[in-house]
Amino acid sequence: MAAAAWIGATCNRRSAPPLGAAPPVDPVGPVGPAPSSAVALEVALRAEFSEAVLDSAGGRAAQIWRFGGSLLSGKSEALLSSKSYLGPTLRVRRGERVRVHFENALDEPSIVHWHGLQVSQEDDGHPRFAVGRGGRYNYDFTVANRPGTYWYHPHPDGRTGPQVYAGMAGLFLVVDPDDQARGLPTDEFDLSLVIQDRRLGSDGELVYDPNPMVGFLGDRIFVNGQQRPDINVRAGSYRVRILNGSNSRIYKLAFSDNRPLILIGSDGGLLGSPVRKPYLVLAPGERVELWADFGRSTAGAEVWLESRAFSVGGGGMAMGGMMGMGSMGAGSRLPNGAAFRVCRFQVRGGGRTLRVPAQFEPLDWRPDEEVVNRSERRRIDVSMAMMRWVLNGRTFEMTDVAPNERVKLGTTEDWEVQNLGGMMAMPHPIHLHAGQFQILERVVSPTWRSVAATLQDGLVDEGWKDTFLLLPGERVRLRMRFERHPGLFLYHCHNLEHEDAGMMRNFLIEA
Ligand code: C2O
Ligand code: CU
Ligand code: CU
C-alpha cells in the first residue's frame with residue numbers, strides 16, 4: 001500500500017505503539033494488491049459518549065458509548081446511520097478502497113478492528129495500536145474479501161468486552177451488485193439483524209457484571225439495538241443476515257413454526273449452495289445469512305425467531321454457582337443455553353416469493369497438496385490454568401510470539417484446535433485474524449457426546465469462516481492460507497471476557 005496514501009492525513013498511523021517496546025516485527029509494507037487509486041468511501045468514525053433509550057418500556061435515556069460516523073466522501077448509501085446505539089453500517093464493494101479516520105473521544109484507549117476483513121497489520125486494529133483520549137488513527141485499505149457480512153468493533157487490550165457492551169459495534173457489508181441477477185432478494189428484502197444481550201439496572205442504565213469464567217450474560221435480548229423488536233416484513237422472500245454481536249452468549253436459532261432454516265451464507269459470504277438445518281448455532285462473532293420466505297404465512301401472520309435450549313457442559317454451567325455468583329447463569333437470570341424469544345416478524349402486505357437458487361459460486365478450497373504441515377498439524381490446546389483460560393498454556397502478551405506461532409506468508413496450513421479443560425470445559429468461539437479458513441473436521445470425545453448432541457446439527461461449518469464454536473471435548477481441524485499480508489495478527493476466543501482475560505495470542509506471518 002503506497003505510503004503516499006497517508007500523507008496529508010491529520011494523524012500518523014505509524015505513530016509508536018503507546019504500550020511498551022516496538023513490536024518484534026519488521027515494518028514491512030503489505031504485499032497485497034495495490035489499492036485502486038480512487039477512494040470509494042471515506043468516513044470519520046468517532047468513539048464517543050452518548051445516550052440511547054434502551055428500556056422497551058420507554059423511560060429515560062441510558063449512557064452508552066458508540067461509534068459516531070459521518071460520510072466524508074463516497075455514495076450516500078455507503079454509510080447508513082443506525083437508529084440505536086450501534087455504529088453506522090458501512091457498505092462497500094469488493095475491490096473498493098476505504099479510508100477511515102478514527103478518533104477516540106472516550107477516556108480510555110481504543111482501536112477499531114474490522115472483523116473478518118483481510119487487511120494489513122496496521123489496518124487490523126491490534127491492541128498495540130490503541131490510541132488514548134483525543135488520539136486518532138487512520139485506516140486505508142482495499143476490500144479484498146468476498147461479498148458478505150462483516151463487522152467492526154474495538155480491540156484494545158483487556159477492554160474489548162466493556163467497550164463492545166457499552167455499544168461499540170457496527171456492520172461492514174461487502175455488497176455485490178450481481179445479487180439481483182443471481183436471484184437473491186435485495187434492497188428492502190435484504191435484512192440485517194445484530195443480536196446482543198444486555199442487562200439494565202433499575203435506573204435504566206446498562207449493567208456490566210461479567211463472571212470471570214463464563215463471561216457476560218444479559219437477561220434482555222436486543223436486535224439492532226432495540227429490545228426484542230417487532231420486525232415488519234412483507235409476504236415474500238428475504239435474505240436475512242445475522243450477526244451475533246454478544247459478548248458471551250451463544251444462540252440456537254429457530255423459527256417458532258419449526259420450519260427448517262435455509263442457510264445461504266456464513267462468515268465469508270455465500271456458500272457453494274444452500275443448506276437446510278433444523279436450527280442454527282451462532283456463537284459470538286459469527287455471522288450467517290438465511291433465506292426466509294414470509295410468503296408462506298398469510299398477511300397478518302407472525303413468526304418468532306427464537307433461541308432454543310442447549311447444554312454448555314460442566315464449566316459453562318457449574319462455575320457460576322461454584323464461584324458463588326448464582327447458579328448456572330453467572331449472575332444472569334438467563335443462562336447460556338436457556339430458551340427465549342429473539343424477535344418477532346410480522347407480515348404486513350404483499351411481497352414477492354422467489355425460488356431459492358440451487359447453487360452459488362463454487363468455493364475455492366485449498367487442496368491437500370498445498371498444505372505445508374501435512375505431517376505435523378499446528379496444535380492449539382485450549383485449557384485452564386490458575387483459573388484462567390489459556391491457549392497452549394499461555395495468555396496474551398502485547399507483542400509476544402512463541403516458536404509455534406510463526407507461519408510463512410504464501411503458505412497453507414492445517415491447524416488443530418482442541419478443547420481440553422476436563423470437567424470445567426465449556427464452548428469457546430475461536431477466531432483468527434488475517435484471513436478466513438475452511439473447517440475440515442470435528443471430532444468430539446465420547447464423554448462429551450451428549451452435550452455436543454444439543455448443538456451439533458446447527459453448527460455452521462459451511463463456507464469461508466473466521467470464527468467457529470469449539471465445543472467441550474472437541475477437536476476441530478481447519479485449513480487456512482496466509483495469503484496477503486505479513487505481520488503480527490491475533491487469534492483468540494471471541495467470548496469477549498475470555499479475550500480480555502488473556503485468552504488471546506499473536507501469530508506472526510513472516511514474509
Ligand atoms: Cu471480532 Cu479479534 O475480533
Ligand atoms: Cu477479528
Ligand atoms: Cu473462551
# chains A, B, ... in the order shown; residues from 1 in each chain; ligands from 1
>>> residues_around(residues="region 435-450 of chain A", least_positions_apart="4", cutoff="6 Å", atoms="only C-alpha atoms", output="number ranges by chain")
A: 118, 461, 464-466, 473-480
>>> residues_near_ligand(ligand="ligand 2", cutoff="12 Å", atoms="only C-alpha atoms and all ligand atoms", output="MDAnalysis selection string")
chainID A and resid 112:119 121 123:127 150:155 160 267 284:286 429:436 465:468 489:494 496 499 504
>>> residues_near_ligand(ligand="ligand 3", cutoff="6 Å", atoms="only C-alpha atoms and all ligand atoms", output="PDB file with C-alpha atoms, in the first residue's frame")
ATOM      1  CA  HIS A 428     -15.315 -21.268  23.107  1.00  0.00           C
ATOM      2  CA  CYS A 493     -11.546 -16.669  21.957  1.00  0.00           C
ATOM      3  CA  ASN A 495     -16.069 -14.726  24.260  1.00  0.00           C
ATOM      4  CA  HIS A 498     -12.219 -14.598  27.879  1.00  0.00           C
TER       5      HIS A 498
END
>>> residues_around(residues="Ala235 (chain A)", least_positions_apart="3", cutoff="6 Å", atoms="only C-alpha atoms", output="MDAnalysis selection string")
chainID A and resid 294:295 347 350:351
>>> residues_around(residues="region 176-189 of chain A", least_positions_apart="5", cutoff="6 Å", atoms="only C-alpha atoms", output="mmCIF file with N, CA, C and O atoms, in the first residue's frame")
data_model
loop_
_atom_site.group_PDB
_atom_site.id
_atom_site.type_symbol
_atom_site.label_atom_id
_atom_site.label_comp_id
_atom_site.auth_asym_id
_atom_site.auth_seq_id
_atom_site.Cartn_x
_atom_site.Cartn_y
_atom_site.Cartn_z
ATOM 1 N N PRO A 147 -17.839 -10.860 -1.114
ATOM 2 C CA PRO A 147 -19.019 -10.161 -0.605
ATOM 3 C C PRO A 147 -19.599 -10.942 0.573
ATOM 4 O O PRO A 147 -19.632 -12.173 0.546
ATOM 5 N N TYR A 238 -36.889 -13.227 1.712
ATOM 6 C CA TYR A 238 -35.888 -12.345 2.309
ATOM 7 C C TYR A 238 -34.535 -13.022 2.433
ATOM 8 O O TYR A 238 -34.448 -14.237 2.618
ATOM 9 N N ARG A 239 -33.520 -12.193 2.345
ATOM 10 C CA ARG A 239 -32.184 -12.590 2.757
ATOM 11 C C ARG A 239 -32.008 -11.967 4.138
ATOM 12 O O ARG A 239 -32.141 -10.762 4.299
#
>>> closest_residue(among="A:Leu354, A:Leu471, A:Ala511, A:Met423", to="Val451 (chain A)", atoms="only C-alpha atoms")
A:Leu471
>>> residues_around(residues="Arg388 (chain A)", least_positions_apart="3", cutoff="8 Å", atoms="only C-alpha atoms", output="list in words")
Met213, Met384, Ala385, Ala501, Gly502 and Met503 of chain A
>>> write_last_selection(atoms="N, CA, C and O atoms", output="mmCIF file, in the first residue's frame")
data_model
loop_
_atom_site.group_PDB
_atom_site.id
_atom_site.type_symbol
_atom_site.label_atom_id
_atom_site.label_comp_id
_atom_site.auth_asym_id
_atom_site.auth_seq_id
_atom_site.Cartn_x
_atom_site.Cartn_y
_atom_site.Cartn_z
ATOM 1 N N MET A 213 -15.314 -16.550 34.676
ATOM 2 C CA MET A 213 -15.189 -17.808 33.941
ATOM 3 C C MET A 213 -16.154 -17.899 32.773
ATOM 4 O O MET A 213 -15.797 -18.290 31.678
ATOM 5 N N MET A 384 -7.441 -24.662 30.990
ATOM 6 C CA MET A 384 -7.489 -23.681 32.055
ATOM 7 C C MET A 384 -6.280 -23.876 32.952
ATOM 8 O O MET A 384 -5.917 -25.000 33.270
ATOM 9 N N ALA A 385 -5.630 -22.765 33.313
ATOM 10 C CA ALA A 385 -4.502 -22.821 34.239
ATOM 11 C C ALA A 385 -4.671 -21.687 35.217
ATOM 12 O O ALA A 385 -4.921 -20.551 34.815
ATOM 13 N N ALA A 501 -9.460 -11.418 29.381
ATOM 14 C CA ALA A 501 -8.686 -12.048 30.456
ATOM 15 C C ALA A 501 -7.426 -12.718 29.914
ATOM 16 O O ALA A 501 -6.694 -13.352 30.667
ATOM 17 N N GLY A 502 -7.181 -12.596 28.635
ATOM 18 C CA GLY A 502 -5.919 -13.094 28.089
ATOM 19 C C GLY A 502 -6.029 -14.330 27.223
ATOM 20 O O GLY A 502 -5.003 -14.887 26.827
ATOM 21 N N MET A 503 -7.249 -14.765 26.884
ATOM 22 C CA MET A 503 -7.394 -15.945 26.029
ATOM 23 C C MET A 503 -7.217 -15.509 24.578
ATOM 24 O O MET A 503 -8.130 -15.570 23.742
#
>>> closest_residue(among="A:Val53, A:Asp368, A:Asn506, A:Met426", to="ligand 1", atoms="only C-alpha atoms and all ligand atoms")
A:Asn506
>>> select_by_dssp(residues="region 150-312 of chain A", states="strand (DSSP E or B)", output="PyMOL selection string")
chain A and resi 150-154+170-175+190-198+200+206+211+215+220-223+226-227+230-235+237-244+251-255+261-266+269-277+280-282+287-293+302-307
>>> atom_distance(atom1="CA of Gly225 (chain A)", atom2="CA of Val194 (chain A)")
7.6 Å
>>> closest_residue(among="A:Gly313, A:Gly487, A:Pro427, A:Pro229", to="Ala57 (chain A)", atoms="only C-alpha atoms")
A:Pro229
>>> closest_residue(among="A:Asn419, A:Asn373, A:Asn244, A:Thr454", to="ligand 1", atoms="only C-alpha atoms and all ligand atoms")
A:Asn244
